[in-house]
Each structure stands twice: as C-alpha cells, then as structure tokens.
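Undergrad: Pasting upload_24.txt here (compact mmCIF, C-alpha atoms and all ligand atoms):
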```
# COMPACT_ATOMS: atom_id res chain seq x y z
CA MET Y 1 -8.24 43.42 1.42
CA ILE Y 2 -11.23 43.78 3.68
CA ILE Y 3 -12.37 47.38 3.48
CA LYS Y 4 -12.82 48.85 6.94
CA ASN Y 5 -12.61 52.56 6.33
CA VAL Y 6 -12.08 54.78 3.33
CA SER Y 7 -11.81 58.54 2.96
CA LEU Y 8 -10.77 61.12 0.40
CA ASP Y 9 -7.67 62.48 2.12
CA ILE Y 10 -5.77 64.58 -0.40
CA VAL Y 11 -6.85 66.54 -3.47
CA CYS Y 12 -4.19 68.05 -5.74
CA GLY Y 13 -4.82 70.57 -8.50
CA VAL Y 14 -2.42 71.83 -11.11
CA THR Y 15 -0.68 74.22 -8.74
CA SER Y 16 -0.64 71.93 -5.70
CA THR Y 17 2.39 70.59 -3.95
CA LEU Y 18 2.17 66.81 -4.19
CA PRO Y 19 2.13 64.84 -0.94
CA GLU Y 20 5.00 62.75 0.33
CA ASN Y 21 2.95 59.85 1.56
CA GLU Y 22 4.09 57.07 3.82
CA TRP Y 23 1.73 54.41 2.53
CA PRO Y 24 1.90 52.66 -0.82
CA GLU Y 25 -0.10 54.14 -3.69
CA ILE Y 26 -1.77 52.58 -6.72
CA ALA Y 27 -2.82 54.96 -9.48
CA PHE Y 28 -5.56 54.71 -12.10
CA ALA Y 29 -5.08 56.36 -15.48
CA GLY Y 30 -7.19 56.40 -18.61
CA LYS Y 31 -9.15 58.57 -20.94
CA SER Y 32 -12.04 60.67 -19.68
CA ASN Y 33 -15.20 58.68 -19.06
CA VAL Y 34 -13.49 55.28 -19.22
CA GLY Y 35 -14.58 54.53 -15.64
CA LYS Y 36 -11.64 55.33 -13.34
CA SER Y 37 -13.74 56.84 -10.55
CA SER Y 38 -16.37 54.11 -10.91
CA LEU Y 39 -13.68 51.44 -10.55
CA ILE Y 40 -12.30 53.12 -7.45
CA ASN Y 41 -15.78 53.23 -5.90
CA ALA Y 42 -16.27 49.54 -6.67
CA LEU Y 43 -12.90 48.69 -5.11
CA MET Y 44 -13.86 50.67 -1.99
CA ASN Y 45 -17.40 49.24 -1.86
CA ARG Y 46 -18.76 52.77 -2.03
CA LYS Y 47 -21.40 54.08 -4.36
CA SER Y 48 -20.23 57.61 -4.91
CA LEU Y 49 -17.29 58.64 -2.73
CA ALA Y 50 -15.30 59.12 -5.93
CA ARG Y 51 -17.46 61.46 -8.02
CA THR Y 52 -18.48 60.00 -11.36
CA SER Y 53 -20.33 61.51 -14.27
CA SER Y 54 -21.65 60.62 -17.69
CA GLN Y 55 -20.02 63.90 -18.78
CA PRO Y 56 -16.34 63.33 -19.48
CA GLY Y 57 -13.83 65.49 -17.65
CA LYS Y 58 -15.34 64.98 -14.18
CA THR Y 59 -12.15 64.34 -12.25
CA GLN Y 60 -9.89 67.38 -12.68
CA THR Y 61 -7.57 66.83 -9.74
CA ILE Y 62 -5.45 63.98 -8.41
CA ASN Y 63 -7.48 62.46 -5.60
CA PHE Y 64 -5.91 60.22 -2.97
CA TYR Y 65 -8.33 57.78 -1.32
CA ASN Y 66 -7.11 56.42 1.98
CA ILE Y 67 -7.89 52.71 2.35
CA ASN Y 68 -7.82 51.35 5.92
CA ASP Y 69 -5.04 53.78 6.89
CA CYS Y 70 -2.57 51.60 5.00
CA MET Y 71 -2.64 52.53 1.31
CA TYR Y 72 -3.97 55.02 -1.23
CA LEU Y 73 -5.95 54.53 -4.41
CA VAL Y 74 -5.07 57.47 -6.63
CA ASP Y 75 -7.69 58.78 -9.09
CA LEU Y 76 -6.04 60.67 -11.96
CA PRO Y 77 -7.73 63.16 -14.30
CA GLY Y 78 -8.72 61.65 -17.64
CA TYR Y 79 -7.08 62.53 -20.93
CA GLY Y 80 -8.39 62.92 -24.43
CA TYR Y 81 -11.53 64.90 -23.75
CA ALA Y 82 -11.97 67.20 -26.73
CA LYS Y 83 -13.93 69.91 -24.95
CA VAL Y 84 -11.24 70.68 -22.43
CA ALA Y 85 -9.10 73.60 -23.61
CA GLN Y 86 -5.61 72.71 -24.82
CA SER Y 87 -4.08 74.82 -22.06
CA GLU Y 88 -6.00 72.84 -19.42
CA LYS Y 89 -4.99 69.52 -20.97
CA GLU Y 90 -1.36 70.56 -20.83
CA LYS Y 91 -1.69 71.53 -17.18
CA TRP Y 92 -3.31 68.20 -16.29
CA GLY Y 93 -0.69 66.36 -18.31
CA LYS Y 94 2.06 68.15 -16.43
CA LEU Y 95 0.35 67.42 -13.10
CA ILE Y 96 0.12 63.69 -13.90
CA GLU Y 97 3.72 63.69 -15.13
CA ARG Y 98 4.87 65.45 -11.99
CA TYR Y 99 3.05 62.86 -9.89
CA LEU Y 100 4.37 59.79 -11.74
CA HIS Y 101 7.81 61.28 -11.62
CA SER Y 102 7.95 62.33 -8.00
CA SER Y 103 5.94 59.80 -6.02
CA LYS Y 104 8.18 57.55 -3.99
CA MET Y 105 5.32 55.35 -2.85
CA LEU Y 106 3.67 54.61 -6.20
CA ARG Y 107 3.69 50.82 -6.53
CA ALA Y 108 1.72 50.33 -9.74
CA VAL Y 109 -0.17 52.16 -12.44
CA PHE Y 110 -3.36 50.68 -13.82
CA LEU Y 111 -4.37 51.87 -17.26
CA LEU Y 112 -8.08 51.63 -18.05
CA ILE Y 113 -9.28 50.96 -21.59
CA ASP Y 114 -12.93 50.72 -22.68
CA ILE Y 115 -13.33 47.07 -23.69
CA ARG Y 116 -15.71 48.00 -26.50
CA HIS Y 117 -13.28 50.06 -28.52
CA GLU Y 118 -9.87 49.75 -30.01
CA PRO Y 119 -7.32 51.67 -27.95
CA SER Y 120 -6.93 55.21 -29.28
CA LYS Y 121 -3.74 57.04 -30.15
CA ASN Y 122 -3.97 58.74 -26.76
CA ASP Y 123 -4.31 55.38 -25.00
CA LYS Y 124 -1.23 54.11 -26.78
CA MET Y 125 0.66 57.30 -25.93
CA MET Y 126 -0.34 57.01 -22.28
CA TYR Y 127 0.73 53.36 -22.22
CA ASP Y 128 4.14 54.15 -23.71
CA TRP Y 129 4.53 57.11 -21.43
CA ILE Y 130 3.79 55.10 -18.27
CA VAL Y 131 6.39 52.57 -19.46
CA ALA Y 132 8.85 55.42 -20.01
CA GLN Y 133 8.32 56.50 -16.40
CA GLY Y 134 9.50 53.05 -15.34
CA TYR Y 135 6.17 51.36 -14.61
CA GLU Y 136 4.63 48.36 -16.30
CA PRO Y 137 1.00 49.36 -16.75
CA ILE Y 138 -1.63 46.80 -15.79
CA ILE Y 139 -4.56 47.02 -18.16
CA ILE Y 140 -8.15 47.02 -16.97
CA ALA Y 141 -10.68 46.61 -19.75
CA THR Y 142 -13.72 48.50 -18.44
CA LYS Y 143 -17.47 48.36 -19.10
CA LEU Y 144 -17.42 44.59 -19.52
CA ASP Y 145 -21.20 44.51 -18.97
CA LYS Y 146 -21.65 46.26 -22.32
CA LEU Y 147 -20.41 43.21 -24.23
CA LYS Y 148 -22.00 39.84 -24.85
CA ARG Y 149 -20.02 37.11 -23.19
CA SER Y 150 -19.16 35.63 -26.57
CA GLN Y 151 -17.45 38.90 -27.60
CA VAL Y 152 -15.16 39.26 -24.60
CA GLN Y 153 -12.17 37.26 -25.81
CA LYS Y 154 -12.09 38.96 -29.16
CA HIS Y 155 -12.16 42.39 -27.51
CA VAL Y 156 -9.45 41.53 -25.01
CA LYS Y 157 -7.31 40.50 -27.96
CA MET Y 158 -8.11 43.78 -29.69
CA VAL Y 159 -6.97 45.72 -26.61
CA ARG Y 160 -3.77 43.66 -26.43
CA GLN Y 161 -2.96 44.21 -30.06
CA GLY Y 162 -3.93 47.89 -30.01
CA LEU Y 163 -1.44 48.57 -27.23
CA SER Y 164 1.15 46.06 -28.55
CA LEU Y 165 1.27 44.40 -25.13
CA LEU Y 166 3.98 41.89 -24.38
CA PRO Y 167 2.66 38.29 -24.20
CA GLY Y 168 2.92 38.02 -20.41
CA SER Y 169 1.23 41.29 -19.49
CA GLN Y 170 -2.17 41.30 -17.89
CA VAL Y 171 -5.54 42.50 -19.10
CA ILE Y 172 -8.31 42.28 -16.52
CA PRO Y 173 -11.87 42.72 -17.78
CA PHE Y 174 -14.00 44.64 -15.27
CA SER Y 175 -17.52 45.95 -14.85
CA ALA Y 176 -18.51 48.56 -12.31
CA VAL Y 177 -22.11 47.45 -12.84
CA THR Y 178 -21.73 43.72 -12.09
CA LYS Y 179 -18.42 44.14 -10.14
CA GLN Y 180 -16.96 41.32 -12.24
CA GLY Y 181 -13.17 41.50 -12.00
CA ARG Y 182 -13.15 43.25 -8.61
CA GLU Y 183 -11.67 40.33 -6.66
CA GLU Y 184 -8.99 39.73 -9.26
CA ILE Y 185 -7.94 43.38 -9.10
CA TRP Y 186 -7.80 43.34 -5.29
CA ASP Y 187 -5.80 40.08 -5.30
CA LEU Y 188 -3.32 41.69 -7.63
CA MET Y 189 -3.15 44.93 -5.63
CA ASP Y 190 -2.64 43.01 -2.39
CA ARG Y 191 0.29 41.24 -4.00
CA LEU Y 192 1.74 44.43 -5.44
CA ILE Y 193 1.65 46.09 -2.06
CA GLY Y 194 2.89 43.00 -0.28
CA PHE Y 195 -0.10 42.23 1.93
P1 LIG R 1 -13.26 61.37 -15.75
O1 LIG R 1 -13.29 61.67 -14.30
O2 LIG R 1 -14.06 62.31 -16.58
O3 LIG R 1 -11.86 61.20 -16.29
O4 LIG R 1 -14.02 59.96 -16.01
P2 LIG R 1 -13.84 58.56 -15.25
O5 LIG R 1 -12.85 57.73 -15.99
O6 LIG R 1 -13.59 58.76 -13.79
O7 LIG R 1 -15.27 57.87 -15.50
P3 LIG R 1 -16.48 57.69 -14.47
O8 LIG R 1 -16.15 56.66 -13.45
O9 LIG R 1 -16.96 59.01 -14.02
O10 LIG R 1 -17.55 56.99 -15.44
C1 LIG R 1 -18.00 57.62 -16.62
C2 LIG R 1 -19.37 57.07 -17.02
O11 LIG R 1 -19.26 55.70 -17.37
C3 LIG R 1 -20.41 57.15 -15.88
O12 LIG R 1 -21.66 57.44 -16.46
C4 LIG R 1 -20.39 55.73 -15.32
O13 LIG R 1 -21.61 55.37 -14.72
C5 LIG R 1 -20.12 54.90 -16.56
N1 LIG R 1 -19.42 53.64 -16.24
C6 LIG R 1 -18.25 53.52 -15.57
N2 LIG R 1 -17.90 52.22 -15.45
C7 LIG R 1 -18.87 51.50 -16.05
C8 LIG R 1 -19.09 50.09 -16.27
O14 LIG R 1 -18.31 49.22 -15.88
N3 LIG R 1 -20.22 49.75 -16.95
C9 LIG R 1 -21.09 50.66 -17.42
N4 LIG R 1 -22.17 50.22 -18.09
N5 LIG R 1 -20.94 51.99 -17.23
C10 LIG R 1 -19.85 52.40 -16.57
MG MG R 2 -13.23 60.43 -12.71
```
What does this structure look like when you write it as structure tokens?

TA:
Amino acid sequence: MIIKNVSLDIVCGVTSTLPENEWPEIAFAGKSNVGKSSLINALMNRKSLARTSSQPGKTQTINFYNINDCMYLVDLPGYGYAKVAQSEKEKWGKLIERYLHSSKMLRAVFLLIDIRHEPSKNDKMMYDWIVAQGYEPIIIATKLDKLKRSQVQKHVKMVRQGLSLLPGSQVIPFSAVTKQGREEIWDLMDRLIGF
C-alpha cells in the first residue's frame, strides 16, 4: 500500500460505544511496551502519530488509524503491565474482548512478541484467546534490532515454541528502528484485505 493520508479517526475508552466501520480493520495486540504503537507508526510512515513511550501502559484506549480512507490499523491497549490496577486491567480486557467479539470488519489480529524474550504466560493466554475468538494470530517478533543477526533464528524458534505455534503459521521479525520487516507486513496486510 502506498500511504497517501493517515489520521487518528476514532478513540474508544472502556465506556465507549465501539464503531461500526465500513472499511476493513487490522488489529495489533501485545503486552505493554512491546512496540505496538511504534509498529503502527512505521507502517504509516509517521514518526509519532501513534503515541509511544518507554513507560509501559501508554496506550489506554482502542485507537483506529484511518489509512487512505480505505482501512483502519487498530492500536489496542497493552496487557501485563504490573503497575496498572487490577480493576483497570479488567476494564481494558473487557474492552478488547468486546472489540474482538463485535467488530464485523476485523480481518486479522497481529500479536506482537518481543523477540528477545520467551513468550510470557500472558502472551500465551492472549494467543489462545485470540484463537478462541476465531482469529489466527499472525506473530510479529519486535525489537529485531536488539539482537545480533546470528541470534535471530534461535529466537524466532523460541517464540514459536513458547506459543506452541502450528508449523505453517507465520512469525515476522520486525524492527521499528531499522524498519526491517515493514514491507513483508504490508504485503501480508494487502493480501488479507484483498488489495
Ligand atoms: P503500550 O502502549 O504501553 O501498550 O506500549 P506499545 O506496545 O504501544 O509500545 P511503544 O510502541 O510505545 O514502544 C515502547 C518502547 O519500546 C518505546 O520506548 C519504543 O521506542 C521502543 N521500541 C518499540 N519498537 C522498537 C524496536 O523495534 N526497536 C527498539 N530498539 N525499540 C523499540
Ligand atoms: Mg501503545
């Protein structure tokens, strides 16, 4: 996709009514700080339209980014951040659940995993939960620039095993710093949406 215009169109908090959009949506899930907003910026060729932070828990709403008036990239709040109160976590969880459940235009869910670390219990839970909602999560292994090239294969394998992925399912290594993986993700999204 050639990016012509992007804008943050819809922001939903825990009490919001979710939109009934007419364009396809692709959502990005993953633990706090894994790089969801950074990935979305990289996909949009924007530095900071999606707000990022070294402090986990930055994105606290579901944000719909309009791409070329033909699709949405959907930035979900992160999970697993210890400092967020349990009551907040539950509210965000319910919001995400409500979204995955109710969206008629959601075409795919990408699950982001930090390539440096073994997937956590929460990552595994999120993976299984996305599957239970009827989606086959596509894994993006983030922060690729933090590894030596010689380590990449081993870590991709670790992510695969940690999530017990089926042999055919995809893991795309990505770096928001070098933008490595960006084209592959767009090619896949174009196909998923049918462009
Ligand atoms: P929440 O909104 O809190 O759920 O986090 P998020 O998943 O949206 O993460 P965000 O994009 O805000 O990134 C978190 C931190 O990781 C920021 O300091 C980013 O600069 C950094 N970061 C994100 N992606 C990469 C990457 O590919 N490489 C490196 N080196 N740092 C990254
Ligand atoms: Mg974020």

Undergrad: So that I can check the surroundings of Phe110 in chain Y, please list as a PyMOL selection string every protein, DNA and RNA residue that reaches within 6 Å of it, counting all atoms listed in the file and ignoring chain neighbours fewer than 4 positions away.

TA: chain Y and resi 28+137-139

Undergrad: Just checking: using only C-alpha atoms, which residue out of Y:Val34, Y:Leu73, Y:Met44, Y:Gly57 ends up closest to His117 in chain Y?

TA: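 Selected residue with least distance to His117 in chain Y: Y:Val34.
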
Undergrad: Rounded to one decimal place, report the CA of Glu118 in chain Y-CA of Lys36 in chain Y distance in Å.

TA: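 Atom-to-atom, CA of Glu118 in chain Y and CA of Lys36 in chain Y are spaced 17.7 Å apart.
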
Undergrad: Find the distance between CA of Val14 in chain Y and atom O14 of ligand LIG 1 (chain R) and write it in Å to one decimal.

TA: 28.0 Å

Undergrad: List as a ChimeraX atom specification the protein and nucleic acid residues near Gly162 in chain Y, meaning an atom at most 7 Å away when all atoms listed in the file are counted, but skip any in the same chain fewer than 3 places from it.

TA: /Y:118-119,158-159

Undergrad: Between Y:Ala29, Y:Met126, Y:Leu111, Y:Ile3, which has the minimum distance to Asn66 in chain Y (counting only C-alpha atoms)?

TA: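 Counting only C-alpha atoms, the residue closest to Asn66 in chain Y is Y:Ile3.
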
Undergrad: As an exercise, work out the distance from atom O10 of ligand LIG 1 (chain R) to CA of Lys143 in chain Y in Å and give it to one decimal place.

TA: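 If I compute the distance from atom O10 of ligand LIG 1 (chain R) to CA of Lys143 in chain Y, I get 9.4 Å.
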
Undergrad: Nearest to ligand MG 2 (chain R): which of Y:Lys31, Y:Lys47, Y:Arg98, Y:Lys4 is it, counting all atoms listed in the file?

TA: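 Result for the nearest residue to ligand MG 2 (chain R): Y:Lys31.
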
Undergrad: Taking all atoms listed in the file into account, which residues are within 10 Å of ligand LIG 1 (chain R), as a PyMOL selection string?

TA: chain Y and resi 28-42+48+50-61+75-81+112-115+141-147+173-180

Undergrad: Taking all atoms of range 22-32 of chain Y that the file lists and extending 6 Å past them on each side, where is the centre of the axis-aligned box and how long are its edges? Answer in Å to one decimal, as lines of an AutoDock Vina configuration file.

TA:
```
center_x = -4.0
center_y = 56.6
center_z = -8.6
size_x = 28.1
size_y = 20.1
size_z = 36.8
```

Undergrad: So that I can see what lies close to Ile185 in chain Y, please list as an NGL selection string the residues with an atom at most 9 Å from it, counting only C-alpha atoms and leaving out residues fewer than 6 positions away in the same chain.

TA: :Y and (43 or 140 or 172 or 174)

Undergrad: Quick one: everything within 9 Å of Gln133 in chain Y, counting only C-alpha atoms, minus sequence neighbours fewer than 4 positions away in the same chain. Send it as a PyMOL selection string.

TA: chain Y and resi 97+100-101+128-129

Undergrad: Looking at only C-alpha atoms and all ligand atoms, which of Y:Leu18, Y:Ile2, Y:Lys157, Y:Leu49 is the one that sits closest to ligand MG 2 (chain R)?

TA: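 Once distances to ligand MG 2 (chain R) are computed over only C-alpha atoms and all ligand atoms, the minimum belongs to Y:Leu49.
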